[in-house]
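Scroll down for the structure; my scribbles are underneath it.
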Amino acid sequence: MSQPSGKGPGSLPVLALAISASIALWGILDPSGLGHVASTAVSAQFASRGWFIMLEASGILFVAIFLALSRFGDIRLGPDDAKPDFSTPAWIAMLFAAGMGVGLLFYGAAEPLTHFETLRQFSPDAKAAGEALFVTYLNWGFHAWAIYGVVALIIAYFAFRRGGRLLLSAPLLDAFGTAAWVRGLAWLFDLLSIVAIAVGLAGSLAMGVFQIQTGLAGLLGVGNPANLTLPIFVAMCVAFTVPLRRDLGDGMARLSNAAMLIAIGLLAYLVILGPTSYIMNGIVSGFGRYLFHALPAGFSTVEFFGPEIENWFQDWTLNYMIWWLAWSPFVGIFIARISRGRTIREFLAGVIVVPTLFSVLWFGGFGGLGFFDGLREDAALSAINQQNLDATTFALLEKFPLDMLTRTATVIAAFLFVVTSVVSAGFTLAMIGAGGEENPSPRLRTIWGGVLGALGLAMIFVGDIGVVRSIIALSAIAFVFIVPVLVICLFRSLRRETRS
């Protein structure tokens, strides 16, 4: 396999670092300017290409279903006798923590309640609650994990089966050769993947800081949560620097397992102590509705509705699909790195089905509690949610016994999820910068950890989660066009392999 770069071995990481540092500097010096540019550009893209984004997300899901059910599903990601590097539980915990982690804690009750407040203007409350849960499942379920899974599968297949490198450029070089235009395009793919990874992860870091400072302020009795921003950010930087300098399996597996155990324990505690029958009824009916309507809903573009629904659709579903595309290089390369030896069928089932089922339980549990408060009690959570999304999860926990313990556990889990995401991204960025090296040097990983910290600080200065999501979306617009090219490369090589 030839070198993925067509511009010299040192040009890619240097330029990527320069671009990432420039974005960080812009965000630190002029956060409102960066936010305005991103919001304006993304709104224009959504207005003109929203249909294409939804078509692509649904197309990727159909590709995943076809690959899992076809004869290609038996192909192993590596030699025919390869064995997985990690146990299945550790593998699932790592991919899940890297892929969504802190977003689950942040949006668990907040997102279903937000959709509910919008949809109840057009439907009876009971129907609006069901529709709100369905939209949340659509945003976090099969489509999201299909994007992650297919990109990760492509990277793993060309790295471990075709002898390439863990880079987005490897499929292009393998499928189309090493002509000058191919090498130039491959180099551009790697550059854009680095920028998207860095910006996307920085947004997640900022979101984690916002939620942690809100929870910690409540625990410590601090009146203004913003007073805790800097100490939390510094603690996070220290925490992710340590595992970045250690072996991937050693650091990530321990942190991911701890975070997932806390999250699972928290969910079980709330379901058992809460209105269990009410929650489980909502989960069962919501999952059934989602299972049978997910595929057609993936083609929805709210084409005949007014501006209010159009803006809501763009701010949430379209933004999520772009968000998953933004994270797909990072999560894809990382998942590929830990998935050697699994068959395509096993890989897709693990990456798409298992996390989706957990998302159904998670949002069904937290969303059900939010709906119970809004439909059966005083709707205090909805009022808090409209004022501050960061505080919704903690306000929900305060309604239960041992709330000091559960709120502390949530802060710890959010902290661990952010740390595991930064560690994963630091490894991934270092791997790309080192030309696809599976175990890049601790020094290079630490440098990228510093860049991610600076970008995260810029996102914190922006201060608005909606604007942060627009910045992430802007960094990922190119992947709307890159991912279909990668899928074409995969099918070209799979057909060649099966014919031979």
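We name chains A, B, ... following the order of the structure tokens; residues begin at 1 in each chain, and ligands are numbered from 1 as shown.
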
Write out, as a tab-separated table, each residue of segment 434-494 of chain A that has an atom at most 9 Å from segment 50-72 of chain A, together with the closest pair of atoms and their distance in Å to one decimal, counting only C-alpha atoms, rows going by chain and rising number.
```
residue	atom	partner	partner_atom	distance
A:Val480	CA	A:Ile53	CA	6.8
A:Val483	CA	A:Glu56	CA	8.9
A:Pro484	CA	A:Glu56	CA	7.9
A:Val487	CA	A:Val63	CA	8.4
A:Leu494	CA	A:Phe72	CA	7.4
```

Could the residues in this selection be written to a file with N, CA and C atoms, as an mmCIF file, in the first residue's frame?
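Once written, again38.cif looks like this:
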```cif
data_model
loop_
_atom_site.group_PDB
_atom_site.id
_atom_site.type_symbol
_atom_site.label_atom_id
_atom_site.label_comp_id
_atom_site.auth_asym_id
_atom_site.auth_seq_id
_atom_site.Cartn_x
_atom_site.Cartn_y
_atom_site.Cartn_z
ATOM 1 N N VAL A 480 -20.567 15.059 4.150
ATOM 2 C CA VAL A 480 -21.791 14.713 3.431
ATOM 3 C C VAL A 480 -21.439 14.165 2.042
ATOM 4 N N VAL A 483 -18.374 10.591 2.620
ATOM 5 C CA VAL A 483 -18.819 9.258 3.031
ATOM 6 C C VAL A 483 -19.367 8.437 1.862
ATOM 7 N N PRO A 484 -20.180 8.992 0.955
ATOM 8 C CA PRO A 484 -20.607 8.182 -0.192
ATOM 9 C C PRO A 484 -19.443 7.670 -1.041
ATOM 10 N N VAL A 487 -18.090 4.616 0.662
ATOM 11 C CA VAL A 487 -18.967 3.457 0.458
ATOM 12 C C VAL A 487 -18.727 2.838 -0.913
ATOM 13 N N LEU A 494 -14.951 -5.152 -2.136
ATOM 14 C CA LEU A 494 -15.665 -6.375 -1.742
ATOM 15 C C LEU A 494 -15.995 -7.216 -2.969
#
```

Against segment 294-317 of chain A, which residues of segment 66-159 of chain A fall within 12 Å? For each one I want the closest pair of atoms and the distance in Å (one decimal), counting only C-alpha atoms, rows by chain and increasing residue number, as a Markdown table.
```
| residue | atom | partner | partner_atom | distance |
| --- | --- | --- | --- | --- |
| A:Tyr107 | CA | A:Trp316 | CA | 11.7 |
| A:Glu111 | CA | A:Trp316 | CA | 9.1 |
| A:Pro112 | CA | A:Trp316 | CA | 11.2 |
| A:Thr114 | CA | A:Trp312 | CA | 9.9 |
| A:His115 | CA | A:Trp312 | CA | 8.4 |
| A:Phe116 | CA | A:Trp312 | CA | 11.5 |
| A:Glu117 | CA | A:Trp312 | CA | 11.1 |
| A:Thr118 | CA | A:Trp312 | CA | 7.9 |
| A:Leu119 | CA | A:Ile309 | CA | 8.7 |
| A:Arg120 | CA | A:Ile309 | CA | 11.9 |
| A:Gln121 | CA | A:Ile309 | CA | 10.4 |
| A:Phe122 | CA | A:Ile309 | CA | 9.9 |
| A:Glu131 | CA | A:Ala297 | CA | 11.5 |
| A:Ala132 | CA | A:Trp316 | CA | 11.6 |
| A:Phe134 | CA | A:Ala294 | CA | 8.6 |
| A:Val135 | CA | A:Thr317 | CA | 7.9 |
| A:Thr136 | CA | A:Thr317 | CA | 8.6 |
| A:Tyr137 | CA | A:Ala294 | CA | 8.6 |
| A:Leu138 | CA | A:Ala294 | CA | 6.5 |
| A:Asn139 | CA | A:Thr317 | CA | 5.7 |
| A:Trp140 | CA | A:Thr317 | CA | 9.3 |
| A:Gly141 | CA | A:Ala294 | CA | 8.9 |
| A:Phe142 | CA | A:Ala294 | CA | 8.0 |
| A:His143 | CA | A:Gly298 | CA | 7.7 |
| A:Ala144 | CA | A:Thr317 | CA | 10.5 |
```

* Given the choices A:Asn319, A:Leu216, A:Val271, A:Trp327, which gets closest to Ile465 of chain A if the distance is worked out from only C-alpha atoms? ->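 Residue with the minimum atom-to-atom distance to Ile465 of chain A: A:Asn319.
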
* In Å to one decimal, how far is atom CA of Ile28 of chain A from atom CA of Ala239 of chain A? -> 22.2 Å

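Minimum distance to Ala379 of chain A across A:Val199, A:Ala146, A:Ala395, A:Met321 (counting only C-alpha atoms) occurs at A:Ala395.
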
* To do: Could you tell me how far atom CA of Ile477 of chain A lies from atom CA of Gly103 of chain A, in Å and to one decimal?
  =>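 Computing it gives 20.9 Å between the two atoms.
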
* Asked: Which residue gives the smallest distance to Ser11 of chain A among A:Leu188, A:Leu490, A:Val468, A:Leu375, with only C-alpha atoms counted?
  -> A:Leu188

* Running DSSP on the backbone, which parts of segment 261-367 of chain A land in helix (DSSP H, G or I), as number ranges by chain? -> A: 261-273, 276-297, 307-337, 344-367

* Counting only C-alpha atoms, the option among A:Ile338, A:Ala263, A:Ile154, A:Leu133 closest to Ser285 of chain A ->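 Of A:Ile338, A:Ala263, A:Ile154, A:Leu133, the one nearest Ser285 of chain A, counting only C-alpha atoms, is A:Leu133.
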
* All residues 6 Å or closer to segment 444-460 of chain A, only C-alpha atoms, same chain fewer than 2 positions away omitted, as number ranges by chain -> A: 24, 27-28, 202, 205-206, 426-427, 430, 441-442, 462-463

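Proximity of A:Ala186, A:Val419, A:Val331, A:Ala217 to Leu12 of chain A, computed with only C-alpha atoms, is greatest for A:Ala186.
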
* Asked: Do you know which residues are at most 9 Å from Gly433 of chain A counting only C-alpha atoms, after dropping those on the same chain fewer than 2 positions away, and could you put them as a ChimeraX atom specification?
  -> /A:10,12-14,16,190,194,428-431,435-437,440,444

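Between atom CA of Glu438 of chain A and atom CA of Arg245 of chain A there is a distance of 14.2 Å.
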
* Asked: Of the candidates A:Asn439, A:Ser339, A:Ser328, A:Ser470, which one gets nearest to Asp85 of chain A if we count only C-alpha atoms?
  -> A:Ser339

* Can you list, as a list in words, every protein, DNA or RNA residue that comes within 10 Å of Ile335 of chain A when you count only C-alpha atoms, leaving out same-chain residues fewer than 5 positions away? ->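 Listed by chain and then number, they are Trp91, Ile92, Met94, Leu95, Phe96, Ala98, Gly99, Tyr148, Gly149, Val151, Ala152, Leu153, Ile155, Ala156, Ser328, Pro329, Phe330, Arg340, Phe347, Val351, Ser424 and Thr428 of chain A.
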
* **Non-local contacts of Phe240 of chain A (8 Å; only C-alpha atoms; under 4 positions in same chain excluded) as an NGL selection string** => :A and (236 or 244 or 419-420 or 422-423 or 449)

Selection above as a file: N, CA, C and O atoms, as a PDB file, in the first residue's frame:
```
ATOM      1  N   MET A 236     -10.123  18.419  33.970  1.00  0.00           N
ATOM      2  CA  MET A 236     -10.337  17.556  32.816  1.00  0.00           C
ATOM      3  C   MET A 236      -9.045  17.388  32.018  1.00  0.00           C
ATOM      4  O   MET A 236      -8.695  16.284  31.582  1.00  0.00           O
ATOM      5  N   LEU A 244      -3.694   9.393  28.006  1.00  0.00           N
ATOM      6  CA  LEU A 244      -3.142   9.599  26.675  1.00  0.00           C
ATOM      7  C   LEU A 244      -1.703   9.105  26.577  1.00  0.00           C
ATOM      8  O   LEU A 244      -1.227   8.764  25.492  1.00  0.00           O
ATOM      9  N   VAL A 419     -13.562  12.500  29.412  1.00  0.00           N
ATOM     10  CA  VAL A 419     -12.156  12.087  29.401  1.00  0.00           C
ATOM     11  C   VAL A 419     -11.923  10.963  28.391  1.00  0.00           C
ATOM     12  O   VAL A 419     -10.966  10.995  27.611  1.00  0.00           O
ATOM     13  N   THR A 420     -12.826   9.957  28.369  1.00  0.00           N
ATOM     14  CA  THR A 420     -12.650   8.857  27.425  1.00  0.00           C
ATOM     15  C   THR A 420     -12.778   9.342  25.981  1.00  0.00           C
ATOM     16  O   THR A 420     -12.075   8.860  25.088  1.00  0.00           O
ATOM     17  N   VAL A 422     -11.986  12.389  24.862  1.00  0.00           N
ATOM     18  CA  VAL A 422     -10.764  13.122  24.517  1.00  0.00           C
ATOM     19  C   VAL A 422      -9.607  12.155  24.302  1.00  0.00           C
ATOM     20  O   VAL A 422      -8.803  12.317  23.369  1.00  0.00           O
ATOM     21  N   VAL A 423      -9.509  11.135  25.149  1.00  0.00           N
ATOM     22  CA  VAL A 423      -8.446  10.138  24.983  1.00  0.00           C
ATOM     23  C   VAL A 423      -8.589   9.429  23.637  1.00  0.00           C
ATOM     24  O   VAL A 423      -7.614   9.262  22.899  1.00  0.00           O
ATOM     25  N   GLY A 449      -3.794  16.187  22.510  1.00  0.00           N
ATOM     26  CA  GLY A 449      -4.621  16.437  23.688  1.00  0.00           C
ATOM     27  C   GLY A 449      -4.632  17.912  24.049  1.00  0.00           C
ATOM     28  O   GLY A 449      -5.674  18.466  24.412  1.00  0.00           O
TER      29      GLY A 449
END
```
